[in-house]
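One file, final_7.txt, is given below (compact mmCIF, C-alpha atoms).
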# COMPACT_ATOMS: atom_id res chain seq x y z
CA MET A 1 -27.51 2.66 3.40
CA PRO A 2 -25.83 1.60 6.68
CA SER A 3 -25.33 4.31 9.28
CA LEU A 4 -21.83 5.34 10.32
CA ARG A 5 -22.39 3.52 13.60
CA GLU A 6 -23.25 0.25 11.83
CA THR A 7 -20.37 0.64 9.37
CA VAL A 8 -17.78 1.11 12.11
CA TYR A 9 -19.21 -1.82 14.07
CA ALA A 10 -19.15 -4.09 11.00
CA ARG A 11 -15.58 -3.12 10.07
CA LEU A 12 -14.27 -3.50 13.61
CA ARG A 13 -16.08 -6.82 14.05
CA ALA A 14 -14.58 -8.13 10.82
CA ALA A 15 -11.11 -7.07 11.92
CA VAL A 16 -11.53 -8.83 15.27
CA LEU A 17 -12.80 -12.04 13.69
CA ASP A 18 -10.17 -12.09 10.95
CA GLY A 19 -7.23 -11.84 13.30
CA GLY A 20 -6.53 -8.19 12.64
CA PHE A 21 -5.47 -7.66 16.25
CA GLY A 22 -2.91 -9.53 18.29
CA ALA A 23 -3.87 -11.46 21.39
CA ARG A 24 -2.22 -8.84 23.59
CA GLU A 25 -3.07 -5.76 21.52
CA ARG A 26 -5.19 -3.13 23.27
CA LEU A 27 -8.10 -1.85 21.20
CA ALA A 28 -7.52 1.84 21.80
CA GLU A 29 -10.35 4.22 20.88
CA VAL A 30 -8.08 6.98 19.58
CA ARG A 31 -6.08 4.67 17.33
CA LEU A 32 -9.19 2.95 16.01
CA ALA A 33 -10.91 6.26 15.34
CA ALA A 34 -7.91 7.35 13.28
CA ARG A 35 -7.86 4.01 11.45
CA PHE A 36 -11.51 4.31 10.43
CA GLY A 37 -11.45 8.07 9.92
CA VAL A 38 -14.22 8.73 12.43
CA SER A 39 -14.70 10.28 15.84
CA ARG A 40 -14.30 8.24 19.02
CA THR A 41 -18.06 8.02 19.64
CA PRO A 42 -18.94 5.33 17.01
CA VAL A 43 -15.77 3.45 17.96
CA ARG A 44 -16.76 3.49 21.64
CA GLU A 45 -20.24 2.23 20.73
CA ALA A 46 -18.78 -0.51 18.51
CA LEU A 47 -16.47 -1.66 21.29
CA ALA A 48 -19.40 -1.86 23.69
CA ARG A 49 -21.39 -3.95 21.22
CA LEU A 50 -18.47 -6.29 20.57
CA ALA A 51 -18.03 -6.76 24.31
CA SER A 52 -21.74 -7.61 24.55
CA ASP A 53 -21.24 -10.11 21.70
CA GLY A 54 -18.47 -11.76 23.70
CA LEU A 55 -15.88 -11.10 20.99
CA ILE A 56 -13.82 -8.68 23.07
CA GLU A 57 -13.44 -8.18 26.81
CA ARG A 58 -12.29 -5.44 29.14
CA GLY A 59 -8.82 -6.02 30.55
CA ASP A 60 -6.04 -4.00 32.11
CA GLY A 61 -6.27 -0.57 30.52
CA GLY A 62 -8.89 -1.23 27.86
CA PHE A 63 -10.46 -3.80 25.58
CA PHE A 64 -8.75 -6.88 24.15
CA VAL A 65 -9.85 -9.66 21.80
CA THR A 66 -11.49 -12.49 23.75
CA ILE A 67 -9.43 -15.66 23.62
CA PRO A 68 -11.35 -18.66 24.98
CA ASN A 69 -9.53 -20.76 27.54
CA LEU A 70 -9.25 -24.52 27.14
CA ARG A 71 -12.42 -25.23 29.12
CA GLN A 72 -14.42 -22.78 27.04
CA LEU A 73 -12.90 -24.16 23.85
CA ARG A 74 -13.96 -27.65 24.86
CA ASP A 75 -17.54 -26.43 25.22
CA PHE A 76 -17.50 -24.52 21.94
CA TYR A 77 -15.88 -27.37 20.03
CA GLU A 78 -18.39 -29.85 21.43
CA LEU A 79 -21.25 -27.59 20.35
CA ARG A 80 -19.70 -27.16 16.90
CA VAL A 81 -19.37 -30.93 16.40
CA THR A 82 -22.99 -31.44 17.48
CA LEU A 83 -24.27 -28.78 15.07
CA GLU A 84 -22.11 -30.06 12.20
CA LEU A 85 -23.32 -33.63 12.49
CA ARG A 86 -26.94 -32.66 12.99
CA GLY A 87 -27.16 -31.27 9.46
CA VAL A 88 -26.44 -34.73 8.02
CA ALA A 89 -28.19 -36.71 10.75
CA ARG A 90 -31.53 -35.00 10.11
CA ALA A 91 -31.42 -36.17 6.49
CA ILE A 92 -30.59 -39.71 7.60
CA GLU A 93 -33.50 -39.73 10.05
CA ASP A 94 -36.04 -38.13 7.71
CA PRO A 95 -36.03 -39.35 4.07
CA SER A 96 -38.01 -36.26 3.04
CA VAL A 97 -35.01 -34.06 3.88
CA ARG A 98 -32.81 -33.57 0.84
CA HIS A 99 -29.57 -31.61 0.68
CA ASP A 100 -29.87 -28.84 -1.90
CA PRO A 101 -27.81 -30.02 -4.91
CA ALA A 102 -27.29 -26.47 -6.19
CA VAL A 103 -25.64 -25.40 -2.92
CA LEU A 104 -23.46 -28.52 -2.88
CA THR A 105 -22.40 -28.09 -6.51
CA VAL A 106 -21.30 -24.48 -6.11
CA GLU A 107 -19.31 -25.24 -2.98
CA LEU A 108 -17.76 -28.38 -4.44
CA ASP A 109 -16.59 -26.42 -7.47
CA ARG A 110 -14.72 -24.04 -5.16
CA TRP A 111 -12.92 -26.91 -3.48
CA TYR A 112 -12.16 -28.68 -6.76
CA ALA A 113 -10.44 -25.46 -7.86
CA MET A 114 -8.46 -25.35 -4.60
CA ARG A 115 -7.42 -28.98 -5.09
CA GLN A 116 -6.03 -28.06 -8.50
CA CYS A 117 -4.15 -25.08 -7.09
CA PRO A 118 -3.87 -25.37 -3.29
CA PRO A 119 -3.48 -22.06 -1.46
CA ALA A 120 -0.39 -21.44 0.63
CA PRO A 121 -0.67 -21.98 4.39
CA ASP A 122 -2.36 -19.00 5.96
CA PRO A 123 -4.28 -18.57 9.22
CA ARG A 124 -7.07 -16.88 7.27
CA PHE A 125 -7.72 -20.14 5.43
CA VAL A 126 -10.03 -20.75 8.37
CA VAL A 127 -12.58 -18.48 6.67
CA GLN A 128 -12.67 -20.84 3.68
CA ASP A 129 -13.03 -23.77 6.07
CA GLU A 130 -15.93 -22.10 7.89
CA ARG A 131 -17.68 -21.39 4.61
CA PHE A 132 -17.54 -25.06 3.63
CA HIS A 133 -19.15 -26.17 6.87
CA ALA A 134 -21.76 -23.41 6.74
CA GLU A 135 -22.72 -24.29 3.16
CA LEU A 136 -22.92 -28.00 3.95
CA SER A 137 -25.24 -27.12 6.82
CA ARG A 138 -27.25 -24.67 4.71
CA ALA A 139 -27.80 -27.33 2.08
CA SER A 140 -29.59 -29.46 4.69
CA GLY A 141 -32.39 -26.91 4.85
CA ASN A 142 -32.45 -25.73 8.48
CA PRO A 143 -31.41 -22.04 8.58
CA ALA A 144 -31.50 -21.89 12.39
CA LEU A 145 -29.02 -24.76 12.56
CA THR A 146 -26.71 -22.98 10.15
CA ASP A 147 -26.96 -19.67 12.00
CA ALA A 148 -25.98 -21.40 15.25
CA LEU A 149 -23.04 -23.11 13.54
CA VAL A 150 -21.79 -19.84 12.07
CA ALA A 151 -22.05 -18.15 15.47
CA VAL A 152 -20.06 -20.79 17.33
CA SER A 153 -17.46 -20.97 14.54
CA GLU A 154 -16.86 -17.24 14.89
CA ARG A 155 -16.32 -17.62 18.63
CA ILE A 156 -13.44 -20.05 18.11
CA ARG A 157 -11.99 -18.56 14.91
CA GLN A 158 -9.25 -16.66 16.75
CA VAL A 159 -7.84 -19.98 17.92
CA ARG A 160 -8.72 -22.24 14.98
CA MET A 161 -7.04 -20.01 12.44
CA TYR A 162 -3.67 -21.14 13.76
CA ASP A 163 -4.48 -24.70 12.76
CA PHE A 164 -3.70 -23.93 9.11
CA LEU A 165 0.00 -23.10 9.17
CA THR A 166 1.31 -26.06 7.16
CA GLN A 167 0.76 -27.06 3.53
CA ASP A 168 -0.09 -30.59 4.58
CA ARG A 169 -2.88 -29.37 6.85
CA VAL A 170 -4.37 -27.20 4.11
CA GLU A 171 -4.27 -29.95 1.48
CA THR A 172 -5.66 -32.57 3.87
CA THR A 173 -8.55 -30.24 4.69
CA ILE A 174 -9.30 -29.73 1.00
CA ALA A 175 -9.31 -33.47 0.32
CA GLU A 176 -11.54 -34.23 3.29
CA HIS A 177 -14.01 -31.48 2.39
CA ILE A 178 -14.38 -32.85 -1.12
CA GLU A 179 -14.85 -36.40 0.13
CA ILE A 180 -17.53 -35.37 2.64
CA MET A 181 -19.51 -33.27 0.22
CA GLU A 182 -19.36 -35.83 -2.58
CA LEU A 183 -20.71 -38.50 -0.25
CA VAL A 184 -23.58 -36.24 0.81
CA ARG A 185 -24.27 -35.21 -2.79
CA ASP A 186 -24.42 -38.85 -3.85
CA GLY A 187 -26.85 -39.73 -1.07
CA ARG A 188 -24.35 -41.86 0.82
CA LEU A 189 -25.34 -40.17 4.03
CA ASP A 190 -24.14 -42.76 6.53
CA GLU A 191 -20.67 -42.63 4.99
CA GLY A 192 -20.82 -38.85 4.79
CA TYR A 193 -21.77 -38.67 8.47
CA ARG A 194 -18.82 -40.86 9.46
CA ALA A 195 -16.41 -38.89 7.28
CA LEU A 196 -17.66 -35.60 8.72
CA HIS A 197 -17.41 -36.96 12.26
CA ALA A 198 -13.80 -37.99 11.68
CA HIS A 199 -13.06 -34.62 10.08
CA VAL A 200 -14.37 -32.44 12.91
CA GLY A 201 -13.20 -34.76 15.66
CA ASP A 202 -14.58 -38.23 16.38
CA SER A 203 -13.74 -38.02 20.08
CA MET A 204 -13.40 -35.28 22.65
CA ALA A 205 -9.75 -36.30 23.08
CA VAL A 206 -9.11 -35.38 19.44
CA VAL A 207 -11.01 -32.12 19.83
CA LEU A 208 -9.02 -31.14 22.92
CA GLU A 209 -5.74 -32.07 21.28
CA ARG A 210 -6.54 -29.83 18.32
CA ALA A 211 -7.62 -27.01 20.60
CA GLN A 212 -4.46 -27.26 22.70
CA ARG A 213 -2.27 -27.35 19.58
CA ALA A 214 -4.05 -24.31 18.16
CA ILE A 215 -3.59 -22.37 21.42
CA THR A 216 0.12 -23.20 21.36
CA GLN A 217 0.44 -22.08 17.75
CA MET A 218 -1.45 -18.90 18.53
CA ALA A 219 0.98 -18.06 21.34
CA MET A 220 3.96 -18.77 19.09
CA HIS A 221 2.67 -16.62 16.24
CA ALA A 222 0.90 -13.89 18.21
CA ASP A 223 3.10 -11.16 16.76
CA ARG A 224 3.28 -12.44 13.19
CA PHE A 225 -0.26 -12.01 11.88
What is this file in structure tokens?
Amino acid sequence: MPSLRETVYARLRAAVLDGGFGARERLAEVRLAARFGVSRTPVREALARLASDGLIERGDGGFFVTIPNLRQLRDFYELRVTLELRGVARAIEDPSVRHDPAVLTVELDRWYAMRQCPPAPDPRFVVQDERFHAELSRASGNPALTDALVAVSERIRQVRMYDFLTQDRVETTIAEHIEIMELVRDGRLDEGYRALHAHVGDSMAVVLERAQRAITQMAMHADRF
């Protein structure tokens, strides 16, 4: 059974990653302690751990959620693209590498269901998007690669979540996910690689444009979510 310290850390971390705090909202110990029904000590320890993780940072008067600047986002996005493509590239390079069909089938079924009944635009759709990419990576059979992808995706979630505020964006994402995974499932890896590359950004100019747009949306909606 997790200790109180671990429980508070896990709950606070989830709230930070899921957009539970505004970009300018101070993470006050007293208020958080009341929210979780605990003393300030486990909250203080959780804040220190999150700062060490790079998910929050100390600012004027306390801790705030870390929002990467454009330069940092460029680096994170570039790393994400590299990790994404590597999962497919390793199977292209080594014929003995096979994507796990069971993993692909389960994830495809989720996206088929979403295609039938698309969810409404919501910043938290980014969690569904991250799961797709993590499962596609996991199916390629390199857990370390997947762990690295999950970690970098979490670092940019606060910004990327504001990329899903229109129905068109949600439905396009669903269609592209299905296309990519079907190509990989069917062994059409070169096509799957190209489709994935286009999906995550086939040039740094596209990546930066998406990052800049997401930052703008985040500023516009900072007080709404």
Inset, instruction - For each of A:Arg74, A:Arg194, A:Arg13, A:Arg124, take the minimum atom-to-atom distance to A:Leu50, counting all atoms listed in the file, then give the residue where this is smallest. - result: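 With all atoms listed in the file as the atom set, the closest residue is A:Arg13.
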Inset, instruction - Go ahead and compute the interatomic distance for atom CA of A:Asp129 and atom CA of A:Asp53, in Å to one decimal. - result: 22.3 Å
Inset, instruction - Considering all atoms listed in the file, state which residue in the set A:Leu189, A:Leu136, A:Ile156, A:Val81 is at the smallest distance from A:Asn69. - result: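 Smallest separation from A:Asn69 among the options: A:Ile156.
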Legend entry - Pick from A:Arg11, A:His199, A:Arg5, A:Arg185 nearest to A:His133, counting all atoms listed in the file: A:His199
Work out where the centre of an axis-aligned box around every listed atom of stretch 56-61 of chain A lies and how long its edges are once 5 Å is added on each side; give both in Å to one decimal as lines of an AutoDock Vina configuration file.
center_x = -9.9
center_y = -4.6
center_z = 27.6
size_x = 17.8
size_y = 18.1
size_z = 19.0
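Residue nearest A:Ser96, chosen from A:Gly141, A:Glu179, A:Met114, A:Arg160 and counting all atoms listed in the file: A:Gly141.
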Legend entry - Among the residues A:Leu4, A:Ala139, A:Val16, A:Val88, the one that comes closest to A:Asp190 [using only C-alpha atoms]: A:Val88
Skip stretch 62-67 of chain A itself and residues of its chain fewer than 3 positions away, then list as an mmCIF file with C-alpha atoms, in the coordinates of the input all residues within 8 Å of it, counting all atoms listed in the file.
data_model
loop_
_atom_site.group_PDB
_atom_site.id
_atom_site.type_symbol
_atom_site.label_atom_id
_atom_site.label_comp_id
_atom_site.auth_asym_id
_atom_site.auth_seq_id
_atom_site.Cartn_x
_atom_site.Cartn_y
_atom_site.Cartn_z
ATOM 1 C CA VAL A 16 -11.530 -8.830 15.270
ATOM 2 C CA PHE A 21 -5.470 -7.660 16.250
ATOM 3 C CA GLY A 22 -2.910 -9.530 18.290
ATOM 4 C CA ALA A 23 -3.870 -11.460 21.390
ATOM 5 C CA ARG A 24 -2.220 -8.840 23.590
ATOM 6 C CA GLU A 25 -3.070 -5.760 21.520
ATOM 7 C CA ARG A 26 -5.190 -3.130 23.270
ATOM 8 C CA LEU A 27 -8.100 -1.850 21.200
ATOM 9 C CA ALA A 28 -7.520 1.840 21.800
ATOM 10 C CA LEU A 47 -16.470 -1.660 21.290
ATOM 11 C CA GLY A 54 -18.470 -11.760 23.700
ATOM 12 C CA LEU A 55 -15.880 -11.100 20.990
ATOM 13 C CA ILE A 56 -13.820 -8.680 23.070
ATOM 14 C CA GLU A 57 -13.440 -8.180 26.810
ATOM 15 C CA ARG A 58 -12.290 -5.440 29.140
ATOM 16 C CA GLY A 59 -8.820 -6.020 30.550
ATOM 17 C CA GLN A 158 -9.250 -16.660 16.750
ATOM 18 C CA VAL A 159 -7.840 -19.980 17.920
#
Legend entry - Nearest to A:Ala102 by atom-to-atom distance, counting only C-alpha atoms, from A:Arg115, A:Arg188, A:Arg80, A:Arg138: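 So, comparing all the options, the nearest one is A:Arg138.
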Inset, instruction - Pick out the residues sitting within 10 Å of A:Pro121, and hand them over as a PyMOL selection string; count all atoms listed in the file, and ignore anything fewer than 3 positions along from it in its own chain. - result: chain A and resi 118+124-125+162-171
Once you have the residues from the selection above, write them out as an mmCIF file, in the frame of the given file, restricted to C-alpha atoms.
data_model
loop_
_atom_site.group_PDB
_atom_site.id
_atom_site.type_symbol
_atom_site.label_atom_id
_atom_site.label_comp_id
_atom_site.auth_asym_id
_atom_site.auth_seq_id
_atom_site.Cartn_x
_atom_site.Cartn_y
_atom_site.Cartn_z
ATOM 1 C CA PRO A 118 -3.870 -25.370 -3.290
ATOM 2 C CA ARG A 124 -7.070 -16.880 7.270
ATOM 3 C CA PHE A 125 -7.720 -20.140 5.430
ATOM 4 C CA TYR A 162 -3.670 -21.140 13.760
ATOM 5 C CA ASP A 163 -4.480 -24.700 12.760
ATOM 6 C CA PHE A 164 -3.700 -23.930 9.110
ATOM 7 C CA LEU A 165 0.000 -23.100 9.170
ATOM 8 C CA THR A 166 1.310 -26.060 7.160
ATOM 9 C CA GLN A 167 0.760 -27.060 3.530
ATOM 10 C CA ASP A 168 -0.090 -30.590 4.580
ATOM 11 C CA ARG A 169 -2.880 -29.370 6.850
ATOM 12 C CA VAL A 170 -4.370 -27.200 4.110
ATOM 13 C CA GLU A 171 -4.270 -29.950 1.480
#
Inset, instruction - Have a look at atom CA of A:Asn142 and atom CA of A:Leu196 and let me know their distance in Å, one decimal. - result: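 According to the coordinates, atom CA of A:Asn142 and atom CA of A:Leu196 are separated by 17.8 Å.
Counting from atom CA of A:Ser153, the distance to atom CA of A:Arg213 is 17.2 Å.
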Inset, instruction - Would you mind listing what lies within 10 Å of A:Gly187 as a list in words, with all atoms listed in the file counted and same-chain residues fewer than 6 positions away left out? - result: Ala91, Ile92, Arg98, His99 and Met181 of chain A
Can you pull out every residue within 9 Å of A:Trp111, counting only C-alpha atoms, but drop anything in the same chain fewer than 4 positions away, and send it as a CSV table (one decimal) with C-alpha atoms, in the coordinates of the input?
chain,number,residue,atom,x,y,z
A,107,GLU,CA,-19.3,-25.2,-3.0
A,115,ARG,CA,-7.4,-29.0,-5.1
A,116,GLN,CA,-6.0,-28.1,-8.5
A,132,PHE,CA,-17.5,-25.1,3.6
A,174,ILE,CA,-9.3,-29.7,1.0
A,175,ALA,CA,-9.3,-33.5,0.3
A,177,HIS,CA,-14.0,-31.5,2.4
A,178,ILE,CA,-14.4,-32.8,-1.1
Can you pull stretch 30-46 of chain A out of that block with N, CA and C atoms and hand it back as a PDB file, in the first residue's frame?
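As a result, selection_27.pdb now contains:
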ATOM      1  N   VAL A  30      -0.619  25.481   1.981  1.00  0.00           N
ATOM      2  CA  VAL A  30      -1.808  25.430   2.846  1.00  0.00           C
ATOM      3  C   VAL A  30      -3.034  24.996   2.052  1.00  0.00           C
ATOM      4  N   ARG A  31      -3.216  25.593   0.886  1.00  0.00           N
ATOM      5  CA  ARG A  31      -4.382  25.266   0.064  1.00  0.00           C
ATOM      6  C   ARG A  31      -4.313  23.823  -0.435  1.00  0.00           C
ATOM      7  N   LEU A  32      -3.128  23.383  -0.810  1.00  0.00           N
ATOM      8  CA  LEU A  32      -2.987  22.008  -1.289  1.00  0.00           C
ATOM      9  C   LEU A  32      -3.194  21.007  -0.162  1.00  0.00           C
ATOM     10  N   ALA A  33      -2.711  21.334   1.016  1.00  0.00           N
ATOM     11  CA  ALA A  33      -2.907  20.450   2.165  1.00  0.00           C
ATOM     12  C   ALA A  33      -4.390  20.278   2.456  1.00  0.00           C
ATOM     13  N   ALA A  34      -5.136  21.375   2.371  1.00  0.00           N
ATOM     14  CA  ALA A  34      -6.576  21.302   2.593  1.00  0.00           C
ATOM     15  C   ALA A  34      -7.250  20.491   1.485  1.00  0.00           C
ATOM     16  N   ARG A  35      -6.798  20.667   0.268  1.00  0.00           N
ATOM     17  CA  ARG A  35      -7.369  19.946  -0.875  1.00  0.00           C
ATOM     18  C   ARG A  35      -7.205  18.440  -0.734  1.00  0.00           C
ATOM     19  N   PHE A  36      -6.025  18.008  -0.252  1.00  0.00           N
ATOM     20  CA  PHE A  36      -5.755  16.586  -0.123  1.00  0.00           C
ATOM     21  C   PHE A  36      -6.075  16.034   1.259  1.00  0.00           C
ATOM     22  N   GLY A  37      -6.469  16.906   2.179  1.00  0.00           N
ATOM     23  CA  GLY A  37      -6.808  16.463   3.519  1.00  0.00           C
ATOM     24  C   GLY A  37      -5.628  15.939   4.303  1.00  0.00           C
ATOM     25  N   VAL A  38      -4.483  16.600   4.150  1.00  0.00           N
ATOM     26  CA  VAL A  38      -3.262  16.162   4.821  1.00  0.00           C
ATOM     27  C   VAL A  38      -2.581  17.371   5.455  1.00  0.00           C
ATOM     28  N   SER A  39      -1.510  17.100   6.183  1.00  0.00           N
ATOM     29  CA  SER A  39      -0.724  18.196   6.746  1.00  0.00           C
ATOM     30  C   SER A  39       0.152  18.810   5.649  1.00  0.00           C
ATOM     31  N   ARG A  40       0.848  19.876   5.978  1.00  0.00           N
ATOM     32  CA  ARG A  40       1.679  20.545   4.978  1.00  0.00           C
ATOM     33  C   ARG A  40       2.965  19.770   4.663  1.00  0.00           C
ATOM     34  N   THR A  41       3.382  18.889   5.589  1.00  0.00           N
ATOM     35  CA  THR A  41       4.662  18.193   5.387  1.00  0.00           C
ATOM     36  C   THR A  41       4.698  17.345   4.117  1.00  0.00           C
ATOM     37  N   PRO A  42       3.727  16.425   3.867  1.00  0.00           N
ATOM     38  CA  PRO A  42       3.796  15.641   2.627  1.00  0.00           C
ATOM     39  C   PRO A  42       3.607  16.503   1.386  1.00  0.00           C
ATOM     40  N   VAL A  43       2.878  17.610   1.513  1.00  0.00           N
ATOM     41  CA  VAL A  43       2.715  18.522   0.386  1.00  0.00           C
ATOM     42  C   VAL A  43       4.047  19.193   0.069  1.00  0.00           C
ATOM     43  N   ARG A  44       4.742  19.642   1.114  1.00  0.00           N
ATOM     44  CA  ARG A  44       6.041  20.289   0.927  1.00  0.00           C
ATOM     45  C   ARG A  44       7.020  19.316   0.255  1.00  0.00           C
ATOM     46  N   GLU A  45       7.012  18.057   0.704  1.00  0.00           N
ATOM     47  CA  GLU A  45       7.901  17.063   0.124  1.00  0.00           C
ATOM     48  C   GLU A  45       7.536  16.790  -1.333  1.00  0.00           C
ATOM     49  N   ALA A  46       6.236  16.741  -1.631  1.00  0.00           N
ATOM     50  CA  ALA A  46       5.788  16.494  -3.006  1.00  0.00           C
ATOM     51  C   ALA A  46       6.201  17.642  -3.914  1.00  0.00           C
TER      52      ALA A  46
END
